[in-house]
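Enquirer: After the structure tokens below, expect a handful of questions from me.
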Amino acid sequence: MKVIFRRPESLSVTPTHYCPGCTHGIIHRLIAEVIDELGLREKAVGIAPVGCSVLAFNYFNFDFQQAAHGRAPAVATGIKRARPDLIVFTYQGDGDLASIGMSEIIHAANRGEKFTVVFINNAIYGMTGGQMAPTTMPGQVTTTSPRGRDVNDVGYPIRMCELLSSLRTPAFIERVAVHNPKQVINARRALKQAFIYQRDRVCFTFVEFLSTCPTNWGMSPVQATRWLEENMMPYYPVKNFKTPEFTEGQNAD
């Protein structure tokens with residue numbers, strides 16, 4: 001019998017620690033599938049963050065490095081500059097990247113560091129108890145905003161794709177989602193393109209994933225999926241924000 005669906009070689013056999021309905025697992029699989037498809041597993045190095053995915057290294061069958069909170073782009077920069085032949089990616093949440101790590105990611109993008117960033121935006125601090133994040137939606141209730149996020153007091157949610165795409169440095173920047181099959185297919189395409197650009201040493205690459213957090217949102221997985229589509233996607237549009245100009249000699253597929 002022909003096998004048409006199997007575990008990617010780049011995924012290890014590990015029971016998940018993520019909550020029911022969390023989409024980290026989907027994103028992990030997409031990374032593994034793309035790494036396998038492009039034949040990059042023996043060159044891949046992931047940078048694990050601080051947050052719900054702090055144990056990401058347990059789920060992948062290739063090398064990983066742990067970084068201090070928000071410092072994954074700095075670690076990735078060092079590895080990529082020392083070993084430009086490697087395929088290096090950071091895996092970061094919104095608290096890690098858009099709060100304590102804001103300076104790191106902006107300057108890495110501005111320098112045009114040729115690694116890939118996988119940015120998980122679930123609009124909340126997940127691991128530490130559901131506090132307000134830089135990406136928390138206006139009016140969204142969290143443990144530190146029990147009356148909802150007041151934009152007059154703490155400002156509006158930060159849109160990282162829009163912010164980074166304003167930099168002059170060439171880059172590939174795209175926002176995707178994984179809450180239904182159509183969006184998962186599109187997310188895989190964007191992620192693959194990001195790794196291709198890195199493989200071909202073209203530019204800095206950044207893929208933002210809109211993700212659910214049913215536990216800290218206080219919802220069922222189905223309700224969380226609906227909430228993401230109705231509340232997050234209008235403010236965080238799913239689209240490509242920046243693509244480098246294609247030049248002769250660079251692979252596009």
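Ordering of the structure tokens sets the chain letters (A, B, ...), residue numbers begin anew at 1 in every chain, and ligands are numbered from 1 in the order given.
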Please list as a short mmCIF file (atom, residue, chain, number, x, y, z; two decimals) with N, CA and C atoms, in the first residue's frame every residue within 12 Å of A:Thr215, counting only C-alpha atoms and excluding residues in the same chain fewer than 6 positions away.
Expert:
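Okay, this is what ended up in out00.cif:
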```cif
data_model
loop_
_atom_site.label_atom_id
_atom_site.label_comp_id
_atom_site.auth_asym_id
_atom_site.auth_seq_id
_atom_site.Cartn_x
_atom_site.Cartn_y
_atom_site.Cartn_z
N TYR A 18 1.42 21.02 24.76
CA TYR A 18 0.57 22.17 24.47
C TYR A 18 -0.89 21.89 24.83
N CYS A 19 -1.62 22.96 25.12
CA CYS A 19 -3.03 22.84 25.50
C CYS A 19 -3.88 22.40 24.31
N PRO A 20 -5.04 21.78 24.56
CA PRO A 20 -5.96 21.45 23.47
C PRO A 20 -6.36 22.69 22.68
N GLY A 21 -6.29 22.60 21.37
CA GLY A 21 -6.68 23.72 20.51
C GLY A 21 -5.55 24.67 20.19
N CYS A 22 -4.41 24.56 20.88
CA CYS A 22 -3.26 25.40 20.57
C CYS A 22 -2.72 25.03 19.19
N THR A 23 -2.32 26.04 18.42
CA THR A 23 -1.87 25.76 17.06
C THR A 23 -0.35 25.70 16.93
N CYS A 52 5.59 29.53 25.90
CA CYS A 52 4.95 28.22 25.76
C CYS A 52 5.79 27.26 24.92
N ASN A 122 -0.41 35.17 19.28
CA ASN A 122 -1.69 34.72 19.83
C ASN A 122 -2.31 35.77 20.75
N ILE A 124 -1.54 37.28 23.43
CA ILE A 124 -1.55 37.14 24.88
C ILE A 124 -0.26 36.47 25.35
N TYR A 125 0.10 36.66 26.62
CA TYR A 125 1.19 35.89 27.21
C TYR A 125 0.61 34.55 27.64
N GLY A 126 1.07 33.47 27.02
CA GLY A 126 0.48 32.18 27.28
C GLY A 126 1.03 31.47 28.50
N MET A 127 2.34 31.24 28.55
CA MET A 127 2.93 30.39 29.59
C MET A 127 2.82 31.00 30.99
N THR A 128 2.90 32.32 31.09
CA THR A 128 2.99 32.96 32.41
C THR A 128 1.64 33.33 33.02
N GLY A 129 0.54 32.98 32.36
CA GLY A 129 -0.75 33.16 33.00
C GLY A 129 -1.75 34.05 32.31
N GLY A 130 -1.51 34.41 31.06
CA GLY A 130 -2.52 35.14 30.30
C GLY A 130 -2.51 36.64 30.48
N THR A 142 -7.61 40.31 29.69
CA THR A 142 -6.52 39.44 30.10
C THR A 142 -6.39 39.55 31.62
N PRO A 221 -11.67 25.38 21.84
CA PRO A 221 -10.90 25.49 20.61
C PRO A 221 -11.71 26.02 19.43
N VAL A 222 -12.96 25.58 19.31
CA VAL A 222 -13.80 26.05 18.20
C VAL A 222 -14.11 27.54 18.36
N GLN A 223 -14.44 27.96 19.57
CA GLN A 223 -14.70 29.38 19.81
C GLN A 223 -13.46 30.22 19.54
N ALA A 224 -12.28 29.71 19.91
CA ALA A 224 -11.04 30.45 19.70
C ALA A 224 -10.75 30.64 18.22
#
```
Enquirer: Using DSSP on the backbone coordinates, identify the residues of stretch 183-220 of chain A assigned to strand (DSSP E); present them as a count of residues only.
Expert: 7
Enquirer: At a cut-off of 12 Å, using only C-alpha atoms, what residues contact stretch 39-41 of chain A? Leave out same-chain residues fewer than 5 positions from it and give the result as a PDB file with N, CA and C atoms, in the first residue's frame.
Expert:
```
ATOM      1  N   PRO A   8       6.801  13.778   9.416  1.00  0.00           N
ATOM      2  CA  PRO A   8       8.034  14.289   8.806  1.00  0.00           C
ATOM      3  C   PRO A   8       9.258  13.799   9.563  1.00  0.00           C
ATOM      4  N   GLU A   9      10.337  13.536   8.851  1.00  0.00           N
ATOM      5  CA  GLU A   9      11.564  13.072   9.484  1.00  0.00           C
ATOM      6  C   GLU A   9      12.100  14.101  10.478  1.00  0.00           C
ATOM      7  N   SER A  10      11.808  15.367  10.212  1.00  0.00           N
ATOM      8  CA  SER A  10      12.315  16.438  11.078  1.00  0.00           C
ATOM      9  C   SER A  10      11.513  16.612  12.360  1.00  0.00           C
ATOM     10  N   LEU A  11      10.421  15.858  12.530  1.00  0.00           N
ATOM     11  CA  LEU A  11       9.652  15.872  13.774  1.00  0.00           C
ATOM     12  C   LEU A  11      10.027  14.667  14.624  1.00  0.00           C
ATOM     13  N   ILE A  31       6.874  23.532   9.754  1.00  0.00           N
ATOM     14  CA  ILE A  31       8.320  23.750   9.704  1.00  0.00           C
ATOM     15  C   ILE A  31       9.027  22.453   9.318  1.00  0.00           C
ATOM     16  N   ALA A  32       8.656  21.361   9.980  1.00  0.00           N
ATOM     17  CA  ALA A  32       9.297  20.069   9.710  1.00  0.00           C
ATOM     18  C   ALA A  32       9.065  19.624   8.268  1.00  0.00           C
ATOM     19  N   GLU A  33       7.849  19.795   7.772  1.00  0.00           N
ATOM     20  CA  GLU A  33       7.549  19.398   6.397  1.00  0.00           C
ATOM     21  C   GLU A  33       8.386  20.181   5.393  1.00  0.00           C
ATOM     22  N   VAL A  34       8.495  21.483   5.598  1.00  0.00           N
ATOM     23  CA  VAL A  34       9.246  22.325   4.666  1.00  0.00           C
ATOM     24  C   VAL A  34      10.735  22.000   4.734  1.00  0.00           C
ATOM     25  N   GLY A  46      17.488  25.516  14.944  1.00  0.00           N
ATOM     26  CA  GLY A  46      16.412  26.348  15.478  1.00  0.00           C
ATOM     27  C   GLY A  46      16.861  27.046  16.746  1.00  0.00           C
ATOM     28  N   PHE A  60      11.649  18.637  17.497  1.00  0.00           N
ATOM     29  CA  PHE A  60      12.323  18.630  16.198  1.00  0.00           C
ATOM     30  C   PHE A  60      13.535  17.716  16.204  1.00  0.00           C
ATOM     31  N   ASN A  61      13.760  17.074  15.088  1.00  0.00           N
ATOM     32  CA  ASN A  61      14.848  16.125  14.930  1.00  0.00           C
ATOM     33  C   ASN A  61      16.028  16.783  14.214  1.00  0.00           C
ATOM     34  N   PHE A  62      16.444  17.933  14.749  1.00  0.00           N
ATOM     35  CA  PHE A  62      17.666  18.585  14.276  1.00  0.00           C
ATOM     36  C   PHE A  62      18.158  19.505  15.393  1.00  0.00           C
ATOM     37  N   ASP A  63      19.259  20.179  15.165  1.00  0.00           N
ATOM     38  CA  ASP A  63      19.898  20.949  16.230  1.00  0.00           C
ATOM     39  C   ASP A  63      19.071  22.152  16.669  1.00  0.00           C
ATOM     40  N   PHE A  64      19.156  22.444  17.978  1.00  0.00           N
ATOM     41  CA  PHE A  64      18.470  23.603  18.556  1.00  0.00           C
ATOM     42  C   PHE A  64      19.393  24.289  19.560  1.00  0.00           C
ATOM     43  N   ASP A  85      26.512  28.669   5.978  1.00  0.00           N
ATOM     44  CA  ASP A  85      25.995  27.506   5.252  1.00  0.00           C
ATOM     45  C   ASP A  85      24.811  26.870   5.969  1.00  0.00           C
ATOM     46  N   LEU A  86      24.601  27.198   7.244  1.00  0.00           N
ATOM     47  CA  LEU A  86      23.500  26.608   8.008  1.00  0.00           C
ATOM     48  C   LEU A  86      22.176  27.310   7.721  1.00  0.00           C
ATOM     49  N   ILE A  87      21.077  26.617   7.978  1.00  0.00           N
ATOM     50  CA  ILE A  87      19.724  27.178   7.856  1.00  0.00           C
ATOM     51  C   ILE A  87      19.254  27.458   9.282  1.00  0.00           C
ATOM     52  N   VAL A  88      19.199  28.724   9.630  1.00  0.00           N
ATOM     53  CA  VAL A  88      18.937  29.137  11.008  1.00  0.00           C
ATOM     54  C   VAL A  88      17.574  29.827  11.094  1.00  0.00           C
ATOM     55  N   PHE A  89      16.777  29.437  12.081  1.00  0.00           N
ATOM     56  CA  PHE A  89      15.496  30.118  12.280  1.00  0.00           C
ATOM     57  C   PHE A  89      15.227  30.312  13.762  1.00  0.00           C
ATOM     58  N   LYS A 192       7.731  27.999   3.258  1.00  0.00           N
ATOM     59  CA  LYS A 192       8.662  27.403   2.298  1.00  0.00           C
ATOM     60  C   LYS A 192       9.428  28.484   1.548  1.00  0.00           C
ATOM     61  N   PHE A 195      12.212  29.944   3.709  1.00  0.00           N
ATOM     62  CA  PHE A 195      13.402  29.103   3.804  1.00  0.00           C
ATOM     63  C   PHE A 195      14.170  29.055   2.481  1.00  0.00           C
ATOM     64  N   ILE A 196      13.465  29.154   1.368  1.00  0.00           N
ATOM     65  CA  ILE A 196      14.147  29.199   0.074  1.00  0.00           C
ATOM     66  C   ILE A 196      14.988  30.463  -0.038  1.00  0.00           C
ATOM     67  N   GLN A 198      16.256  32.102   2.367  1.00  0.00           N
ATOM     68  CA  GLN A 198      17.425  31.944   3.242  1.00  0.00           C
ATOM     69  C   GLN A 198      18.445  31.001   2.612  1.00  0.00           C
ATOM     70  N   ARG A 199      17.967  29.884   2.103  1.00  0.00           N
ATOM     71  CA  ARG A 199      18.868  28.911   1.473  1.00  0.00           C
ATOM     72  C   ARG A 199      19.707  29.557   0.370  1.00  0.00           C
TER      73      ARG A 199
END
```
Enquirer: Would you list, as a VMD selection string, the residues of stretch 44-249 of chain A that end up in alpha helix (DSSP H) under DSSP run on this structure's backbone?
Expert: chain A and resid 72 to 82 94 to 95 102 to 111 151 to 154 160 to 165 181 to 199 214 to 217 221 to 227 233 to 235
Enquirer: Could you take the residues named above and write them with C-alpha atoms, as a PDB file, in the first residue's frame?
Expert:
```pdb
ATOM      1  CA  ALA A  72      16.855  34.802  19.795  1.00  0.00           C
ATOM      2  CA  PRO A  73      17.706  37.167  16.885  1.00  0.00           C
ATOM      3  CA  ALA A  74      21.084  37.907  18.486  1.00  0.00           C
ATOM      4  CA  VAL A  75      21.843  34.197  18.868  1.00  0.00           C
ATOM      5  CA  ALA A  76      20.672  33.536  15.304  1.00  0.00           C
ATOM      6  CA  THR A  77      22.868  36.362  14.021  1.00  0.00           C
ATOM      7  CA  GLY A  78      25.945  34.889  15.682  1.00  0.00           C
ATOM      8  CA  ILE A  79      25.323  31.368  14.374  1.00  0.00           C
ATOM      9  CA  LYS A  80      24.475  32.504  10.842  1.00  0.00           C
ATOM     10  CA  ARG A  81      27.487  34.812  10.565  1.00  0.00           C
ATOM     11  CA  ALA A  82      29.833  32.129  11.878  1.00  0.00           C
ATOM     12  CA  ASP A  94       4.627  37.914  20.766  1.00  0.00           C
ATOM     13  CA  GLY A  95       5.867  38.570  24.299  1.00  0.00           C
ATOM     14  CA  MET A 102      11.691  44.453  20.134  1.00  0.00           C
ATOM     15  CA  SER A 103      15.121  46.048  19.756  1.00  0.00           C
ATOM     16  CA  GLU A 104      16.718  42.746  18.775  1.00  0.00           C
ATOM     17  CA  ILE A 105      14.283  41.983  15.961  1.00  0.00           C
ATOM     18  CA  ILE A 106      14.214  45.500  14.517  1.00  0.00           C
ATOM     19  CA  HIS A 107      17.980  45.779  14.301  1.00  0.00           C
ATOM     20  CA  ALA A 108      18.409  42.236  12.944  1.00  0.00           C
ATOM     21  CA  ALA A 109      15.894  43.038  10.207  1.00  0.00           C
ATOM     22  CA  ASN A 110      17.482  46.408   9.539  1.00  0.00           C
ATOM     23  CA  ARG A 111      20.900  44.779   9.136  1.00  0.00           C
ATOM     24  CA  VAL A 151      -5.739  51.913  24.013  1.00  0.00           C
ATOM     25  CA  ASN A 152      -5.879  55.370  25.584  1.00  0.00           C
ATOM     26  CA  ASP A 153      -3.836  54.057  28.478  1.00  0.00           C
ATOM     27  CA  VAL A 154      -1.465  51.475  26.935  1.00  0.00           C
ATOM     28  CA  MET A 160       5.144  43.645  13.528  1.00  0.00           C
ATOM     29  CA  CYS A 161       4.847  42.896   9.799  1.00  0.00           C
ATOM     30  CA  GLU A 162       3.827  46.463   9.068  1.00  0.00           C
ATOM     31  CA  LEU A 163       6.591  47.812  11.291  1.00  0.00           C
ATOM     32  CA  LEU A 164       9.399  45.707   9.817  1.00  0.00           C
ATOM     33  CA  SER A 165       8.252  46.167   6.229  1.00  0.00           C
ATOM     34  CA  PRO A 181      -7.148  24.121   6.089  1.00  0.00           C
ATOM     35  CA  LYS A 182      -7.054  26.906   3.487  1.00  0.00           C
ATOM     36  CA  GLN A 183      -4.959  29.116   5.747  1.00  0.00           C
ATOM     37  CA  VAL A 184      -2.660  26.205   6.667  1.00  0.00           C
ATOM     38  CA  ILE A 185      -1.904  25.583   2.979  1.00  0.00           C
ATOM     39  CA  ASN A 186      -1.124  29.260   2.465  1.00  0.00           C
ATOM     40  CA  ALA A 187       1.037  29.327   5.599  1.00  0.00           C
ATOM     41  CA  ARG A 188       3.068  26.381   4.337  1.00  0.00           C
ATOM     42  CA  ARG A 189       3.680  28.159   1.037  1.00  0.00           C
ATOM     43  CA  ALA A 190       4.911  31.318   2.780  1.00  0.00           C
ATOM     44  CA  LEU A 191       7.141  29.365   5.157  1.00  0.00           C
ATOM     45  CA  LYS A 192       8.662  27.403   2.298  1.00  0.00           C
ATOM     46  CA  GLN A 193       9.380  30.612   0.405  1.00  0.00           C
ATOM     47  CA  ALA A 194      11.058  32.083   3.483  1.00  0.00           C
ATOM     48  CA  PHE A 195      13.402  29.103   3.804  1.00  0.00           C
ATOM     49  CA  ILE A 196      14.147  29.199   0.074  1.00  0.00           C
ATOM     50  CA  TYR A 197      15.177  32.829   0.317  1.00  0.00           C
ATOM     51  CA  GLN A 198      17.425  31.944   3.242  1.00  0.00           C
ATOM     52  CA  ARG A 199      18.868  28.911   1.473  1.00  0.00           C
ATOM     53  CA  PRO A 214      -8.027  28.790  23.955  1.00  0.00           C
ATOM     54  CA  THR A 215      -6.863  28.304  27.565  1.00  0.00           C
ATOM     55  CA  ASN A 216      -5.897  31.913  28.250  1.00  0.00           C
ATOM     56  CA  TRP A 217      -8.648  33.323  26.045  1.00  0.00           C
ATOM     57  CA  PRO A 221     -10.897  25.488  20.606  1.00  0.00           C
ATOM     58  CA  VAL A 222     -13.802  26.053  18.205  1.00  0.00           C
ATOM     59  CA  GLN A 223     -14.698  29.383  19.813  1.00  0.00           C
ATOM     60  CA  ALA A 224     -11.036  30.446  19.700  1.00  0.00           C
ATOM     61  CA  THR A 225     -10.825  29.703  16.000  1.00  0.00           C
ATOM     62  CA  ARG A 226     -13.902  31.827  15.372  1.00  0.00           C
ATOM     63  CA  TRP A 227     -12.610  34.638  17.615  1.00  0.00           C
ATOM     64  CA  MET A 233      -7.716  39.052  11.169  1.00  0.00           C
ATOM     65  CA  PRO A 234      -9.371  42.436  10.520  1.00  0.00           C
ATOM     66  CA  TYR A 235      -6.619  44.156  12.553  1.00  0.00           C
TER      67      TYR A 235
END
```
Enquirer: Let me make sure I understand: among A:Ala67, A:Glu208, A:Gly218, A:Glu174, which one has the smallest atom-to-atom distance to A:Thr143 if we use only C-alpha atoms?
Expert: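 Closest candidate: A:Gly218.
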Enquirer: Find the spatial neighbours of A:Val118, counting only C-alpha atoms, within a cut-off of 7 Å - ignore same-chain residues fewer than 3 positions away - and output them as a list of chain:residue names.
Expert: A:Thr90, A:Tyr91, A:Gln92, A:Phe206, A:Val207, A:Glu208
Enquirer: May I have the residues from that selection written out with C-alpha atoms, as a PDB file, in the first residue's frame?
Expert:
```
ATOM      1  CA  THR A  90      14.106  31.653  15.445  1.00  0.00           C
ATOM      2  CA  TYR A  91      10.765  30.539  16.871  1.00  0.00           C
ATOM      3  CA  GLN A  92       9.314  33.373  18.968  1.00  0.00           C
ATOM      4  CA  PHE A 206       9.929  36.852   8.607  1.00  0.00           C
ATOM      5  CA  VAL A 207       6.666  34.876   8.761  1.00  0.00           C
ATOM      6  CA  GLU A 208       4.051  35.853  11.334  1.00  0.00           C
TER       7      GLU A 208
END
```
Enquirer: Compare A:Phe5, A:Val178, A:Pro15, A:Tyr156 by their minimum atom-to-atom distance to A:Leu55, counting only C-alpha atoms, and give me the closest one.
Expert: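 Closest residue, counting only C-alpha atoms: A:Pro15.
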Enquirer: Atom CA of A:Ser53 and atom CA of A:Leu210, how far apart in Å?
Expert: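 Answer for the atom CA of A:Leu210 to atom CA of A:Ser53 separation: 14.9 Å.
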